Amino acid sequence: MESILLGFSVCLLPVNLLSCFIGTLVGTLIGVLPGIGPVATMALLLPLTFGLSPVSAVIMLAGIYYGAQYGGSTTSILVNIPGEATSVMTCVDGYQMARQGRAGPALGIAAFGSFIAGMLGVAGTMLFARPLSTLALQFGPAEYCSLIFASLMLVGYLGGGSLLKSSIMALVGLLIGSVGSDMVTLAPRFTFGISEFDDGIGMAPILIGLFGVAEVLDNLEEIGKQKEIVQNKVKNILPSLRDWKESIGSILRGFTIGFPLGLIPGGGALIPTFVSYAVEKKVSKHPENFGHGAIQGVAGPESANNAGAQGAFIPLLCLGIPSNAIMAILLGALMIHGVKIGPLLLSQHPDIFWGVLVSMFIGNVMLLVLNIPLIPLWVSVLRMPYSYLFPLIILLCLVGTYSINSSLLDLVVMIIFGVAGYWMRKHHYPPTSLVMGLILSPILEETFRQAMILFQGRISIFVTRPISAVFLMVGLAIFCITVFPWTGSKLKSLLQLRSIKE
Amino acid sequence: MMQSRRIDYSAAVFIALGLFVIVKSHGLTLGEFTNPGPGLYPLLLGVLLAGASLVSFFTSGRTVSSKAADGGRRKRSVVYMVATLVLFRILLPIAGYCLSAFLMLVLLLRAIGGRPWPRAVAWAIIFTALSFLLFAKGFGVRFPQGRILPF
């Protein structure tokens, strides 16, 4: 109880309230706008948080993340274009409801469902935080190495696409993260004589290039396309009793699906939405309504994506391991502010830990208040043609990058990674894994070197220590089964043989 | 035009990168596993990268579908965009922020956005002015002073 009160005392400071408000407002705005996502926006705002305290910075950046979940549903329902990937399923029934003149109830139930799931998610995080942090205190450097390996495999596997290409991206990210002065000897590594690279290649220019510039390059075909925005006046935003009766089950199921999936590296807010939609259709007494404006098809996925977004904070705050690119940016932000994140965060920086958790509670209230009355504003924002939007995004990318260190080299890095990011998208290499590798590289190297020194260079330590062995096996199993599918069928036959013998 | 292939030529980039890292890492102190030097970690990563990329090269090829009708126009837009960004970078220390941003925005709005000249110029002025006020005056970002305009 004292911890929660500490959290409120931190979060209710005017600067933190303002940070939360700015984060959630900006997050909702970019969630509404297709063409720029929360990762690029967080990267753009990252330099602006340097003047804030660590807790204010994380509160603002976290607000962008879960704000974007709310905002993405608006454009899904009104335009049938998901503002964020996590709002894809909302398009299916949400847009149909809008076409039937029920845009208001769709938007309303999406906002309220997200709010309820968000609140439950915050409560769940508070519940899990202490036991998980206590467990993580038993982790040594070998366990952390193996956990990072398993996380990278999970992120690649759950992200869809080729795990091999995802692994390649993770390795590239780890290599980019190793550029700079060696942590022990201070010998320059891969700096090519450029003194600005002595502290490593800046994270923000890479992120802005990969997710801001590359996204714009990829979306150039949107220019000139007419968006069909539902013209009916949006009314009856507050759900009726009947809407609540039809949706409450979906909202609670969405939470129970989203929250545990959000805990898993790679889970985040995306996968829960697909699972939730499938479950809702399965349990519904009228599955034929799905795809034609079933309110459960909006309530379930929207709750699931918010619950997943909340759950994704747990590995970061309790273990110091980000479960997706957004959490990786939050980790990077805390590292820049000199905060060492891990299981000791709870004991060493309780103000940051509980402040961020309570800010999610306050942020969810702000989002509910913002989203309901500001819907007409979001609709008018949606009408802005992409041909005006993309130059603005590019300008923000350039200025945001330059503002970090007033460095022209950072602009070059941004442009190079922008082009590289576009090329990677065309050849199906996921940038998320690169970002995870980039942020985790210093941690991985430090823990690897510590493990080697502590255990006299014995590589076998990664398999002889039980927790490390479990993480390693999980990662290897995912890699082998995905990259070499015959291992999966071999394993299946072995298990079948074993069960026959028993 | 449909063609089916198993070779993923894009992986060649990463094979080359992996080999480069392996070679460069040998120029650093590798140390031993009991006391790793600065070169050991990137060497291991380089070996893994080269290996994974080699496997991907032979196994990750996709069936290539026929090219989109406007593929050429889209490539041109991408090239214009990148050229504009490079132009901004070159002009920034010479012409200052406002002129560089204005020129870049006019080119983007006109050449890629397809806006008529008067609108492109008008919106470029508005976006430049707003961004200058927000970042230079609001957030205190210090842009280079141009030789043509002082801001």
# chains A, B, ... in the order shown; residues from 1 in each chain; ligands from 1
$ residues_around --residues "Ile112 (chain B)" --least-positions-apart "2" --cutoff "8 Å" --atoms "only C-alpha atoms" --output "list in words"
Ser387 of chain A; Ser77, Tyr80, Met81, Leu107, Leu108, Leu109, Arg110 and Gly114 of chain B
$ write_last_selection --atoms "all heavy atoms" --output "PDB file, in the first residue's frame"
ATOM      1  N   SER A 387      -0.189  13.620 -48.628  1.00  0.00           N
ATOM      2  CA  SER A 387       0.788  14.420 -49.374  1.00  0.00           C
ATOM      3  C   SER A 387       1.248  15.645 -48.585  1.00  0.00           C
ATOM      4  O   SER A 387       2.300  16.207 -48.872  1.00  0.00           O
ATOM      5  CB  SER A 387       0.208  14.863 -50.720  1.00  0.00           C
ATOM      6  OG  SER A 387      -1.016  15.543 -50.515  1.00  0.00           O
TER       7      SER A 387
ATOM      8  N   SER B  77      10.010   8.080 -56.776  1.00  0.00           N
ATOM      9  CA  SER B  77       9.642   8.828 -55.570  1.00  0.00           C
ATOM     10  C   SER B  77      10.627   8.562 -54.447  1.00  0.00           C
ATOM     11  O   SER B  77      11.017   9.481 -53.723  1.00  0.00           O
ATOM     12  CB  SER B  77       8.236   8.443 -55.107  1.00  0.00           C
ATOM     13  OG  SER B  77       7.284   8.786 -56.070  1.00  0.00           O
ATOM     14  N   TYR B  80      13.857  10.403 -55.274  1.00  0.00           N
ATOM     15  CA  TYR B  80      13.692  11.851 -55.040  1.00  0.00           C
ATOM     16  C   TYR B  80      13.758  12.158 -53.552  1.00  0.00           C
ATOM     17  O   TYR B  80      14.397  13.117 -53.121  1.00  0.00           O
ATOM     18  CB  TYR B  80      12.316  12.332 -55.541  1.00  0.00           C
ATOM     19  CG  TYR B  80      12.174  12.512 -57.029  1.00  0.00           C
ATOM     20  CD1 TYR B  80      10.940  12.338 -57.651  1.00  0.00           C
ATOM     21  CD2 TYR B  80      13.260  12.872 -57.828  1.00  0.00           C
ATOM     22  CE1 TYR B  80      10.794  12.493 -59.016  1.00  0.00           C
ATOM     23  CE2 TYR B  80      13.114  13.024 -59.187  1.00  0.00           C
ATOM     24  CZ  TYR B  80      11.875  12.835 -59.780  1.00  0.00           C
ATOM     25  OH  TYR B  80      11.725  12.977 -61.127  1.00  0.00           O
ATOM     26  N   MET B  81      13.068  11.346 -52.786  1.00  0.00           N
ATOM     27  CA  MET B  81      12.998  11.577 -51.338  1.00  0.00           C
ATOM     28  C   MET B  81      14.396  11.524 -50.736  1.00  0.00           C
ATOM     29  O   MET B  81      14.793  12.417 -49.988  1.00  0.00           O
ATOM     30  CB  MET B  81      12.124  10.498 -50.687  1.00  0.00           C
ATOM     31  CG  MET B  81      12.146  10.521 -49.186  1.00  0.00           C
ATOM     32  SD  MET B  81      10.996  11.686 -48.512  1.00  0.00           S
ATOM     33  CE  MET B  81       9.518  10.750 -48.672  1.00  0.00           C
ATOM     34  N   LEU B 107      10.288  20.928 -52.575  1.00  0.00           N
ATOM     35  CA  LEU B 107      10.576  19.801 -53.478  1.00  0.00           C
ATOM     36  C   LEU B 107       9.710  18.586 -53.140  1.00  0.00           C
ATOM     37  O   LEU B 107       9.173  17.930 -54.028  1.00  0.00           O
ATOM     38  CB  LEU B 107      12.063  19.423 -53.384  1.00  0.00           C
ATOM     39  CG  LEU B 107      13.031  20.394 -54.044  1.00  0.00           C
ATOM     40  CD1 LEU B 107      14.475  20.021 -53.724  1.00  0.00           C
ATOM     41  CD2 LEU B 107      12.833  20.445 -55.553  1.00  0.00           C
ATOM     42  N   LEU B 108       9.558  18.300 -51.854  1.00  0.00           N
ATOM     43  CA  LEU B 108       8.760  17.130 -51.459  1.00  0.00           C
ATOM     44  C   LEU B 108       7.284  17.324 -51.819  1.00  0.00           C
ATOM     45  O   LEU B 108       6.634  16.433 -52.366  1.00  0.00           O
ATOM     46  CB  LEU B 108       8.888  16.882 -49.950  1.00  0.00           C
ATOM     47  CG  LEU B 108      10.220  16.338 -49.449  1.00  0.00           C
ATOM     48  CD1 LEU B 108      10.208  16.201 -47.935  1.00  0.00           C
ATOM     49  CD2 LEU B 108      10.551  14.999 -50.091  1.00  0.00           C
ATOM     50  N   LEU B 109       6.773  18.516 -51.509  1.00  0.00           N
ATOM     51  CA  LEU B 109       5.347  18.766 -51.757  1.00  0.00           C
ATOM     52  C   LEU B 109       5.047  18.780 -53.257  1.00  0.00           C
ATOM     53  O   LEU B 109       3.985  18.330 -53.697  1.00  0.00           O
ATOM     54  CB  LEU B 109       4.935  20.107 -51.129  1.00  0.00           C
ATOM     55  CG  LEU B 109       4.787  20.086 -49.612  1.00  0.00           C
ATOM     56  CD1 LEU B 109       4.806  21.499 -49.035  1.00  0.00           C
ATOM     57  CD2 LEU B 109       3.494  19.392 -49.210  1.00  0.00           C
ATOM     58  N   ARG B 110       5.994  19.274 -54.032  1.00  0.00           N
ATOM     59  CA  ARG B 110       5.756  19.425 -55.468  1.00  0.00           C
ATOM     60  C   ARG B 110       6.068  18.138 -56.221  1.00  0.00           C
ATOM     61  O   ARG B 110       5.218  17.597 -56.918  1.00  0.00           O
ATOM     62  CB  ARG B 110       6.636  20.580 -55.995  1.00  0.00           C
ATOM     63  CG  ARG B 110       6.586  20.783 -57.483  1.00  0.00           C
ATOM     64  CD  ARG B 110       5.299  21.459 -57.918  1.00  0.00           C
ATOM     65  NE  ARG B 110       5.144  21.300 -59.364  1.00  0.00           N
ATOM     66  CZ  ARG B 110       4.060  20.778 -59.955  1.00  0.00           C
ATOM     67  NH1 ARG B 110       3.027  20.408 -59.225  1.00  0.00           N
ATOM     68  NH2 ARG B 110       3.999  20.647 -61.262  1.00  0.00           N
ATOM     69  N   GLY B 114       2.849  16.113 -55.390  1.00  0.00           N
ATOM     70  CA  GLY B 114       2.027  16.509 -56.534  1.00  0.00           C
ATOM     71  C   GLY B 114       1.199  17.762 -56.304  1.00  0.00           C
ATOM     72  O   GLY B 114       0.204  17.999 -56.986  1.00  0.00           O
TER      73      GLY B 114
END
$ closest_atom_pairs --of "chain B" --to "chain A" --cutoff "7 Å" --atoms "only C-alpha atoms" --output "CSV"
residue,atom,partner,partner_atom,distance
B:Phe33,CA,A:Gly457,CA,4.5
B:Thr34,CA,A:Gly457,CA,4.0
B:Asn35,CA,A:Ile453,CA,5.8
B:Pro36,CA,A:Arg449,CA,6.3
B:Pro38,CA,A:Asp182,CA,5.7
B:Tyr41,CA,A:Glu445,CA,6.7
B:Pro42,CA,A:Leu175,CA,6.4
B:Leu45,CA,A:Leu171,CA,6.4
B:Leu49,CA,A:Ile168,CA,6.1
B:Ala52,CA,A:Ile168,CA,6.5
B:Ser53,CA,A:Ile168,CA,6.7
B:Ser56,CA,A:Leu164,CA,6.6
B:Arg74,CA,A:Glu221,CA,6.9
B:Val78,CA,A:Leu217,CA,5.9
B:Arg89,CA,A:Leu411,CA,6.8
B:Leu105,CA,A:Pro391,CA,6.2
B:Leu108,CA,A:Pro391,CA,6.2
B:Leu109,CA,A:Ser387,CA,6.7
B:Gly113,CA,A:Ser387,CA,4.6
B:Val141,CA,A:Ser403,CA,5.7
B:Arg142,CA,A:Ser406,CA,6.9
$ residues_around --residues "Ala309 (chain A)" --least-positions-apart "6" --cutoff "8 Å" --atoms "only C-alpha atoms" --output "ChimeraX atom specification"
/A:65-66,259,262,268-269
$ atom_distance --atom1 "CA of Val379 (chain A)" --atom2 "CA of Arg115 (chain B)"
22.7 Å
$ residues_around --residues "Val155 (chain A)" --least-positions-apart "2" --cutoff "7 Å" --atoms "only C-alpha atoms" --output "number ranges by chain"
A: 151-153, 157-159, 265-266, 324
$ select_by_dssp --residues "region 117-196 of chain A" --states "alpha helix (DSSP H)" --output "number ranges by chain"
A: 117-136, 141-158, 163-177
$ residues_around --residues "region 67-74 of chain A" --least-positions-apart "3" --cutoff "9 Å" --atoms "only C-alpha atoms" --output "compact mmCIF listing (two decimals) with C-alpha atoms, in the first residue's frame"
# COMPACT_ATOMS: atom_id res chain seq x y z
CA GLY A 23 2.62 11.47 -23.86
CA THR A 24 -0.97 10.22 -24.01
CA LEU A 25 -2.10 13.10 -26.25
CA VAL A 26 0.78 12.65 -28.69
CA GLY A 27 0.33 8.88 -28.52
CA THR A 28 -3.36 9.15 -29.39
CA LEU A 29 -2.57 11.53 -32.24
CA ILE A 30 0.00 9.26 -33.83
CA GLY A 31 -2.24 6.29 -33.21
CA VAL A 32 -4.89 8.06 -35.28
CA LEU A 33 -2.48 8.98 -38.07
CA PRO A 34 -1.38 6.15 -40.32
CA GLY A 37 4.00 4.75 -35.40
CA PRO A 38 4.79 4.86 -31.68
CA ALA A 62 5.13 5.08 -21.92
CA GLY A 63 2.11 7.36 -22.42
CA ILE A 64 2.85 7.46 -26.15
CA ILE A 77 -13.48 2.29 -37.09
CA LEU A 78 -13.95 5.45 -39.15
CA VAL A 79 -11.68 4.83 -42.15
CA ILE A 81 -7.39 1.71 -42.05
CA PRO A 82 -5.64 0.59 -38.86
CA GLY A 83 -3.72 3.46 -37.33
CA GLU A 84 -1.52 0.89 -35.65
CA ALA A 85 -0.87 -2.77 -36.39
CA THR A 86 -2.61 -3.63 -33.12
CA SER A 87 -5.86 -2.14 -34.45
CA VAL A 88 -6.10 -4.36 -37.52
CA THR A 90 -10.86 -3.61 -34.96
CA CYS A 91 -11.28 -2.68 -38.65
CA GLY A 94 -15.66 -1.61 -36.21
CA LEU A 107 -15.68 4.14 -30.57
CA ALA A 110 -13.31 0.56 -27.80
CA ALA A 111 -12.37 3.38 -25.41
CA SER A 114 -9.33 -0.34 -23.42
CA PHE A 115 -9.74 1.56 -20.16
CA ALA A 269 -0.10 -5.98 -27.95
CA VAL A 298 -14.38 -4.53 -31.32
CA GLU A 302 -9.32 -3.55 -28.15
CA ASN A 305 -4.29 -4.96 -27.12
CA ASN A 306 -4.35 -2.65 -24.12
CA ALA A 309 0.55 -3.34 -23.80
CA GLY A 363 -2.78 7.82 -18.17
CA ASN A 364 -5.67 5.43 -18.81
CA LEU A 367 -7.06 8.67 -22.39
CA LEU A 368 -10.68 7.88 -21.66
CA ASN A 371 -10.76 10.06 -26.56
CA ILE A 375 -13.29 12.28 -31.52
CA TRP A 378 -9.36 13.14 -34.57
CA VAL A 379 -11.79 12.83 -37.48
$ closest_residue --among "B:Leu30, B:Val55, B:Val106, B:Ile94" --to "Ala124 (chain B)" --atoms "only C-alpha atoms"
B:Val106
$ closest_residue --among "A:Gly118, A:Gly108, A:Pro131, A:Gly308" --to "Leu261 (chain A)" --atoms "only C-alpha atoms"
A:Gly308
$ atom_distance --atom1 "CA of Pro105 (chain A)" --atom2 "CA of Ile237 (chain A)"
5.0 Å
